[in-house]
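Participant: Can you keep this structure in mind? I'll have questions shortly.
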Amino acid sequence: MATLKDLYIDELQDLWSANDQMSKVVSAMADKASDSKLADRLSSAKEGIDQHTRLLKSVLEDTGADVKKEHCKGMEGLVKEARKHALDSDMSGAALDVAIIAQYQRMCHYGIAGFGTAKAFAEALGNDEAARKLDEALDNIYGSDDFMTELAERSRNVDAMA
């Protein structure tokens, strides 16, 4: 990589891979959640993640680069942690829900960093349309993260203490 455009393309390809990996584990976490609000939010989040993946592919096409993904080792690690601490754990009920929320938020924060970086690169490259689209996706990720924080603070953390 030698230019900002190269970095931008690499970021988009990495995010595509990250989203694919996250989509699978979020679906599994939705199936395991005991709280219906959590399960519903994770299911809708999976749809949002898949929508963001389509957006990334479209933005990549607009760059003229190869429309391919680059394996994201960062998300690979986060998915591994989500499996270990939530999906493959012996927890159940509210305690499992709290673990699911924590792991989901870790993955969200990775997405916030990645989409924020891609947006900044798009802006610097003068690609206002891509920056706008990436900013909308970023707003969705922030909203999902905020919902999870509120759910944890209002109910699941308290229930897990019992």
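Chain identifiers are assigned as A, B, and so on, following the order in which chains appear in the structure tokens; residues are numbered from 1 within each chain, and ligands are numbered from 1 in order of appearance.
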Excluding Gly114 (chain A) and its own-chain neighbours fewer than 5 positions away, which residues fall within 10 Å of it when counting only C-alpha atoms? Please give them as a PyMOL selection string.
Facilitator: chain A and resi 11-12+14-15+18+108-109+119-120+134+138
Participant: Excluding same-chain residues fewer than 4 positions from Thr63 (chain A), what lies within 9 Å of it counting only C-alpha atoms, as a PyMOL selection string?
Facilitator: chain A and resi 5+9+58-59
Participant: Compare A:Leu55, A:Met91, A:Leu96, A:Met75 by their minimum atom-to-atom distance to Ala113 (chain A), counting only C-alpha atoms, and give me the closest one.
Facilitator: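 Between A:Leu55, A:Met91, A:Leu96, A:Met75, the residue approaching Ala113 (chain A) most closely is A:Met75.
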Participant: Give me the residues near Leu4 (chain A) as a ChimeraX atom specification, where near means some atom within 9 Å (using only C-alpha atoms) and where sequence neighbours in that chain fewer than 3 positions away do not count.
Facilitator: /A:1,7-9,121,124-125
Participant: Convert the current residue selection to file output with N, CA and C atoms, as a compact mmCIF listing (two decimals), in the first residue's frame.
Facilitator:
```txt
# COMPACT_ATOMS: atom_id res chain seq x y z
N MET A 1 0.84 -1.18 0.00
CA MET A 1 0.00 0.00 0.00
C MET A 1 0.88 1.24 0.00
N LEU A 7 -5.10 2.44 1.30
CA LEU A 7 -5.52 2.21 2.69
C LEU A 7 -7.04 2.12 2.78
N TYR A 8 -7.71 2.99 2.08
CA TYR A 8 -9.18 3.04 2.06
C TYR A 8 -9.74 1.72 1.53
N ILE A 9 -9.22 1.26 0.41
CA ILE A 9 -9.67 0.01 -0.19
C ILE A 9 -9.40 -1.15 0.76
N PHE A 121 -11.38 8.34 5.58
CA PHE A 121 -10.62 8.17 4.35
C PHE A 121 -11.43 8.65 3.15
N ALA A 124 -11.44 12.40 3.06
CA ALA A 124 -10.14 12.93 2.65
C ALA A 124 -9.92 12.75 1.15
N LEU A 125 -10.49 11.68 0.60
CA LEU A 125 -10.37 11.42 -0.84
C LEU A 125 -11.40 12.19 -1.66
```
Participant: At what distance in Å, to one decimal, does CA of Cys72 (chain A) lie from CA of Ser17 (chain A)?
Facilitator: 5.6 Å
Participant: Between A:His52, A:Gln103, A:Val79, A:Ser89, single out the one closest to Asp135 (chain A), counting only C-alpha atoms.
Facilitator: A:His52
Participant: Leaving out region 145-154 of chain A and any residue of its chain fewer than 6 positions from it, which residues lie within 7 Å of it when counting only C-alpha atoms, given as a list in words?
Facilitator: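 Everything that qualifies: Val98, Ile101, Gln105 and Cys108 of chain A.
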Participant: Between CA of Met29 (chain A) and CA of Gly93 (chain A), what is the distance in Å, rounded to a tenth?
Facilitator: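 Distance reported for this atom pair: 12.6 Å.
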Participant: Would you work out the distance separating CA of Glu81 (chain A) from CA of Asp35 (chain A), expressed in Å to one decimal?
Facilitator: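 Atom-to-atom, CA of Glu81 (chain A) to CA of Asp35 (chain A), that is 21.1 Å.
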Participant: Measuring atom to atom with only C-alpha atoms, identify which of A:Asp62, A:Met22, A:Leu38, A:Asp6 is nearest to Ala99 (chain A).
Facilitator: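 Residue with the minimum atom-to-atom distance to Ala99 (chain A): A:Leu38.
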Participant: A:Gly111, A:Arg106, A:Ser34, A:Gly74: which is nearest Ser92 (chain A), counting only C-alpha atoms?
Facilitator: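 The shortest atom-to-atom distance to Ser92 (chain A) comes from A:Ser34.
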Participant: Rank A:Val26, A:Ala2, A:Val67, A:Ala86 by their smallest atom-to-atom distance to Ala39 (chain A), using only C-alpha atoms, and report the top residue only.
Facilitator: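 Ranking A:Val26, A:Ala2, A:Val67, A:Ala86 by distance to Ala39 (chain A), first place goes to A:Val26.
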Participant: Using only C-alpha atoms, which of A:Ile141, A:Leu78, A:Ala65, A:Ala45 sits nearest Ala30 (chain A)?
Facilitator: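 Under the stated criterion, the closest residue is A:Ala45.
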